[in-house]
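Asks: Dumping the structure here so I can ask a few things about it.
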Amino acid sequence: MSPVRLVVLGEGAARVPVVDEPFWIGRDPGCDLCLWDLRISRKHACIGQTHGEYVLTSEGRHGVYVNGAKVPLLALRHGDRIDLTPPDAATPVSMRFENLLEGTYLPEKASLSAIWLDRERANNGSRSIPGFDIEGPLEPTRTDVLKGRARGGGADAILRVFPTVPGGPASDSWLRLITALAGATHPALARVLDGGLLPIEGGARRWMAVEAVTGRPASVRIAEGPQALVTVCRRARSLAAGIHLLHSRGVVHGGVRPSNLLLRTDGSAVLVGMGRTFIRRDGAFALCGAKGEAPWVAPEAVTDGSLPTPASDVYGLAALTQAMATGKVPFSGDGVTTPRGPRAKMWGSEGAPSPALEDLLERALGFDVDARPTAEDFGQVLAYVEATLSKAAP
C-alpha cells in the first residue's frame, strides 16, 4: 500500500497515492486524480502540505465538502470523507482521505515511502498485499501474477508483484506511477485499482492490482486472418485515445503489442500488460528487451537496455492496426536476430481502400521517430477513416 492516499468510493473504487504536492483533483486529464464528471470543475480541489499537515483547498466553482460540511480550506485527518458534489445528491462523487503517517514528523522534502517503510519494518508490518483476497496464481508457472478479488464485494483483479526497489526516490517513483495510472480511467485501458509497496529487508517489493478484463488476445485473432477494416479502425481509434491519455500524464506504456491487447465481443479492445510502463520524468524501473515479441516493437526500443518513448507506443499501435487489418506482421525480420525488411503492403494491386490510412501507417511505422504522428493525431486520422468507411458502407 501507499502511506498517504485517496480512496475513490463507489463502483469505480480505486486507491490513488498522494506522493507529490500540490496534488490536483478535477476533470482535467493533467490532474493527479482525474474524474470524468461534468459536475466537477477542470481543477476542482488541491491538496498540499503546510507545516506537516495535508490541507485541502476548494479551487473550482462547485465547492468541496468534508464530512458533510462545505469548506473552502481544511486540514485533513485520516478517515475524512471528501465530496466533490453535494453529499446528499443521488450519486455523489466521494472519496476518503487516508494518512497512515498521521502524527509522524515529516522533514521537509522527505521521502514518504522511505519513512513509512522504515516504520513498517520496525513494527513487523504485513508482507502480504492488503485489501485483496488472493485466489492463487493466474498461471501455474507464474508466481508473480495472481488472481484475486477486492474485499468487500469489489472487482475481480489481477495482481502482479514486481522486483524490489530501495526505499526513497525509487519507491516514490513507483507510487507516482500508480497515481498516474489509477488516477484516470479510459475504456481502452485496464483499470488500475490499487498498488503500492511491501516492506522487506533492504527495500520494498512493488505490486499493482488491475481489474480483470475478459477478451481474446489480439495475437490469437490476428493469426486467424484479416478483420473488418471499420472494426479495426474503431478499436484502434479508442486505443489511440487511451494511449494519448497516458502520454498526457507523462506515462509510456512500453508494451503496445498483440499479447497485451484483449479484444471484446462488443467490438472494443482493452490494453493490458503494464509490466514495462513508467513515467518519463523518473525513467524505467528495469530496462528489458522485447522478450520474444521483437517484430512488434519499435526499432529504437527493440534491444536490451533501450528505453521506449511515446513514439514507440505509436509504432506498436500502428503495427497492431495493420496486423488486425491484414492478419500479418507488418515487417519481415525482427530487427534482432534477422534484419527488419521493408513494410509489407496492406493491400494488393487493387490499391488501398483508404489512402489516408495507408499514409498514416507509413509514417507511424517509419524508422524516423520524429516523423511519427502522436497518439492523438493517430486517433484523429482513424476517426476520419472510420467515418469515411461507414458512409461508404451500403
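Residues in the C-alpha cells are numbered from 1 in each chain, the chains being A, B, ... in the order shown, and ligands are numbered from 1 in the order shown.
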Could you write out, as a compact mmCIF listing (two decimals) with N, CA and C atoms, in the first residue's frame, all the residues of region 94-211 of chain A that DSSP marks as alpha helix (DSSP H)?
Replies:
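And here is the file that came out, states.txt:
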```txt
# COMPACT_ATOMS: atom_id res chain seq x y z
N LEU A 112 8.25 10.08 1.67
CA LEU A 112 7.19 9.47 2.47
C LEU A 112 7.32 7.95 2.48
N SER A 113 7.62 7.38 1.33
CA SER A 113 7.71 5.92 1.26
C SER A 113 8.85 5.40 2.12
N ALA A 114 10.00 6.10 2.14
CA ALA A 114 11.13 5.64 2.95
C ALA A 114 10.77 5.68 4.44
N ILE A 115 10.13 6.76 4.87
CA ILE A 115 9.73 6.87 6.28
C ILE A 115 8.73 5.78 6.64
N TRP A 116 7.77 5.57 5.77
CA TRP A 116 6.74 4.56 6.05
C TRP A 116 7.33 3.15 6.05
N LEU A 117 8.20 2.84 5.09
CA LEU A 117 8.81 1.52 5.03
C LEU A 117 9.65 1.24 6.27
N ASP A 118 10.42 2.23 6.71
CA ASP A 118 11.24 2.05 7.91
C ASP A 118 10.34 1.76 9.12
N ARG A 119 9.23 2.48 9.22
CA ARG A 119 8.33 2.27 10.35
C ARG A 119 7.67 0.89 10.29
N GLU A 120 7.27 0.48 9.09
CA GLU A 120 6.63 -0.82 8.94
C GLU A 120 7.59 -1.96 9.27
N ARG A 121 8.83 -1.82 8.83
CA ARG A 121 9.81 -2.87 9.15
C ARG A 121 10.06 -2.93 10.65
N ALA A 122 10.14 -1.77 11.29
CA ALA A 122 10.37 -1.74 12.74
C ALA A 122 9.20 -2.35 13.50
N PRO A 169 13.79 7.59 -3.44
CA PRO A 169 13.33 8.05 -4.75
C PRO A 169 12.73 6.95 -5.63
N ALA A 170 13.33 5.76 -5.63
CA ALA A 170 12.81 4.69 -6.48
C ALA A 170 11.42 4.25 -6.05
N SER A 171 11.20 4.11 -4.74
CA SER A 171 9.88 3.72 -4.27
C SER A 171 8.87 4.86 -4.44
N ASP A 172 9.31 6.10 -4.30
CA ASP A 172 8.42 7.23 -4.57
C ASP A 172 8.01 7.24 -6.04
N SER A 173 8.94 6.90 -6.93
CA SER A 173 8.63 6.84 -8.36
C SER A 173 7.54 5.82 -8.65
N TRP A 174 7.61 4.69 -7.96
CA TRP A 174 6.59 3.66 -8.16
C TRP A 174 5.22 4.16 -7.73
N LEU A 175 5.15 4.85 -6.61
CA LEU A 175 3.87 5.39 -6.16
C LEU A 175 3.36 6.47 -7.12
N ARG A 176 4.26 7.26 -7.68
CA ARG A 176 3.85 8.25 -8.68
C ARG A 176 3.24 7.57 -9.90
N LEU A 177 3.81 6.44 -10.31
CA LEU A 177 3.26 5.71 -11.44
C LEU A 177 1.87 5.19 -11.12
N ILE A 178 1.68 4.66 -9.93
CA ILE A 178 0.35 4.18 -9.54
C ILE A 178 -0.64 5.34 -9.57
N THR A 179 -0.22 6.51 -9.10
CA THR A 179 -1.09 7.69 -9.15
C THR A 179 -1.48 8.01 -10.58
N ALA A 180 -0.51 8.01 -11.49
CA ALA A 180 -0.77 8.35 -12.89
C ALA A 180 -1.73 7.35 -13.53
N LEU A 181 -1.64 6.07 -13.15
CA LEU A 181 -2.48 5.04 -13.76
C LEU A 181 -3.84 4.94 -13.08
N ALA A 182 -3.86 4.88 -11.76
CA ALA A 182 -5.12 4.74 -11.03
C ALA A 182 -5.90 6.04 -10.99
```
Asks: Expressed in Å to a single decimal, how great is the separation between CA of Ala212 (chain A) and CA of Ala375 (chain A)?
Replies: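 According to the coordinates, CA of Ala212 (chain A) and CA of Ala375 (chain A) are separated by 25.1 Å.
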Asks: Between A:Gly255, A:Pro308, A:Pro92, A:Gly242, which has the minimum distance to Ala184 (chain A) (counting only C-alpha atoms)?
Replies: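 Once distances to Ala184 (chain A) are computed over only C-alpha atoms, the minimum belongs to A:Gly242.
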Asks: What lies within 9 Å of region 215-220 of chain A using only C-alpha atoms, ignoring chain neighbours under 2 positions off, as an MDAnalysis selection string?
Replies: chainID A and resid 213 222:224 257:265 269:270 320 324
Asks: Generate a file of the selected residues that holds N, CA, C and O atoms, formatted as a PDB file, in the first residue's frame.
Replies:
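Output (part_23.pdb):
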```pdb
ATOM      1  N   VAL A 213      -9.947  -8.264 -16.950  1.00  0.00           N
ATOM      2  CA  VAL A 213     -10.602  -7.984 -18.231  1.00  0.00           C
ATOM      3  C   VAL A 213     -10.753  -9.294 -18.984  1.00  0.00           C
ATOM      4  O   VAL A 213      -9.814 -10.098 -19.052  1.00  0.00           O
ATOM      5  N   ILE A 222      -5.296 -12.222 -34.723  1.00  0.00           N
ATOM      6  CA  ILE A 222      -4.507 -11.837 -35.897  1.00  0.00           C
ATOM      7  C   ILE A 222      -4.116 -13.068 -36.703  1.00  0.00           C
ATOM      8  O   ILE A 222      -4.153 -13.063 -37.937  1.00  0.00           O
ATOM      9  N   ALA A 223      -3.755 -14.132 -36.018  1.00  0.00           N
ATOM     10  CA  ALA A 223      -3.333 -15.353 -36.702  1.00  0.00           C
ATOM     11  C   ALA A 223      -4.460 -15.991 -37.502  1.00  0.00           C
ATOM     12  O   ALA A 223      -4.209 -16.804 -38.405  1.00  0.00           O
ATOM     13  N   GLU A 224      -5.708 -15.626 -37.201  1.00  0.00           N
ATOM     14  CA  GLU A 224      -6.857 -16.225 -37.891  1.00  0.00           C
ATOM     15  C   GLU A 224      -7.204 -15.508 -39.192  1.00  0.00           C
ATOM     16  O   GLU A 224      -8.031 -15.988 -39.957  1.00  0.00           O
ATOM     17  N   ARG A 257       1.443  -4.218 -27.897  1.00  0.00           N
ATOM     18  CA  ARG A 257       1.675  -5.349 -28.780  1.00  0.00           C
ATOM     19  C   ARG A 257       0.512  -6.336 -28.672  1.00  0.00           C
ATOM     20  O   ARG A 257      -0.308  -6.223 -27.747  1.00  0.00           O
ATOM     21  N   PRO A 258       0.390  -7.302 -29.582  1.00  0.00           N
ATOM     22  CA  PRO A 258      -0.805  -8.159 -29.630  1.00  0.00           C
ATOM     23  C   PRO A 258      -1.112  -8.921 -28.347  1.00  0.00           C
ATOM     24  O   PRO A 258      -2.273  -9.041 -27.970  1.00  0.00           O
ATOM     25  N   SER A 259      -0.101  -9.427 -27.660  1.00  0.00           N
ATOM     26  CA  SER A 259      -0.368 -10.211 -26.449  1.00  0.00           C
ATOM     27  C   SER A 259      -0.922  -9.372 -25.317  1.00  0.00           C
ATOM     28  O   SER A 259      -1.495  -9.910 -24.362  1.00  0.00           O
ATOM     29  N   ASN A 260      -0.771  -8.042 -25.403  1.00  0.00           N
ATOM     30  CA  ASN A 260      -1.268  -7.150 -24.358  1.00  0.00           C
ATOM     31  C   ASN A 260      -2.572  -6.456 -24.742  1.00  0.00           C
ATOM     32  O   ASN A 260      -3.017  -5.555 -24.036  1.00  0.00           O
ATOM     33  N   LEU A 261      -3.181  -6.874 -25.845  1.00  0.00           N
ATOM     34  CA  LEU A 261      -4.444  -6.270 -26.273  1.00  0.00           C
ATOM     35  C   LEU A 261      -5.522  -7.345 -26.266  1.00  0.00           C
ATOM     36  O   LEU A 261      -5.394  -8.370 -26.934  1.00  0.00           O
ATOM     37  N   LEU A 262      -6.577  -7.107 -25.505  1.00  0.00           N
ATOM     38  CA  LEU A 262      -7.694  -8.048 -25.413  1.00  0.00           C
ATOM     39  C   LEU A 262      -8.866  -7.509 -26.225  1.00  0.00           C
ATOM     40  O   LEU A 262      -9.299  -6.366 -26.030  1.00  0.00           O
ATOM     41  N   LEU A 263      -9.372  -8.335 -27.145  1.00  0.00           N
ATOM     42  CA  LEU A 263     -10.492  -7.965 -28.000  1.00  0.00           C
ATOM     43  C   LEU A 263     -11.776  -8.506 -27.378  1.00  0.00           C
ATOM     44  O   LEU A 263     -11.879  -9.692 -27.071  1.00  0.00           O
ATOM     45  N   ARG A 264     -12.761  -7.619 -27.216  1.00  0.00           N
ATOM     46  CA  ARG A 264     -14.010  -7.991 -26.566  1.00  0.00           C
ATOM     47  C   ARG A 264     -15.105  -8.215 -27.602  1.00  0.00           C
ATOM     48  O   ARG A 264     -15.028  -7.743 -28.738  1.00  0.00           O
ATOM     49  N   THR A 265     -16.124  -8.966 -27.184  1.00  0.00           N
ATOM     50  CA  THR A 265     -17.190  -9.349 -28.124  1.00  0.00           C
ATOM     51  C   THR A 265     -18.026  -8.156 -28.578  1.00  0.00           C
ATOM     52  O   THR A 265     -18.704  -8.231 -29.604  1.00  0.00           O
ATOM     53  N   ALA A 269     -11.687  -2.920 -27.493  1.00  0.00           N
ATOM     54  CA  ALA A 269     -10.391  -3.534 -27.186  1.00  0.00           C
ATOM     55  C   ALA A 269      -9.822  -2.854 -25.948  1.00  0.00           C
ATOM     56  O   ALA A 269     -10.029  -1.653 -25.731  1.00  0.00           O
ATOM     57  N   VAL A 270      -9.109  -3.625 -25.124  1.00  0.00           N
ATOM     58  CA  VAL A 270      -8.558  -3.106 -23.871  1.00  0.00           C
ATOM     59  C   VAL A 270      -7.076  -3.443 -23.807  1.00  0.00           C
ATOM     60  O   VAL A 270      -6.682  -4.606 -23.975  1.00  0.00           O
ATOM     61  N   LEU A 320      -0.131  -2.925 -34.675  1.00  0.00           N
ATOM     62  CA  LEU A 320      -1.356  -3.645 -34.329  1.00  0.00           C
ATOM     63  C   LEU A 320      -2.460  -3.358 -35.343  1.00  0.00           C
ATOM     64  O   LEU A 320      -3.178  -4.268 -35.771  1.00  0.00           O
ATOM     65  N   MET A 324      -4.102  -6.309 -37.553  1.00  0.00           N
ATOM     66  CA  MET A 324      -5.506  -6.689 -37.405  1.00  0.00           C
ATOM     67  C   MET A 324      -6.244  -6.586 -38.744  1.00  0.00           C
ATOM     68  O   MET A 324      -7.161  -7.351 -39.026  1.00  0.00           O
TER      69      MET A 324
END
```
Asks: Residues of region 261-328 of chain A in strand (DSSP E or B) according to DSSP, as an MDAnalysis selection string?
Replies: chainID A and resid 261:263 269:271 278:279
Asks: Have a look at A:Val55, A:Val7, A:Met346, A:Leu73 and name the one nearest to Ala323 (chain A); count only C-alpha atoms.
Replies: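 Closest to Ala323 (chain A) of all the choices is A:Met346.
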Asks: For each of A:Gly26, A:Val329, A:Gly63, A:Gly168, take the minimum atom-to-atom distance to Gly225 (chain A), counting only C-alpha atoms, then give the residue where this is smallest.
Replies: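 For Gly225 (chain A), the nearest of the given residues is A:Val329.
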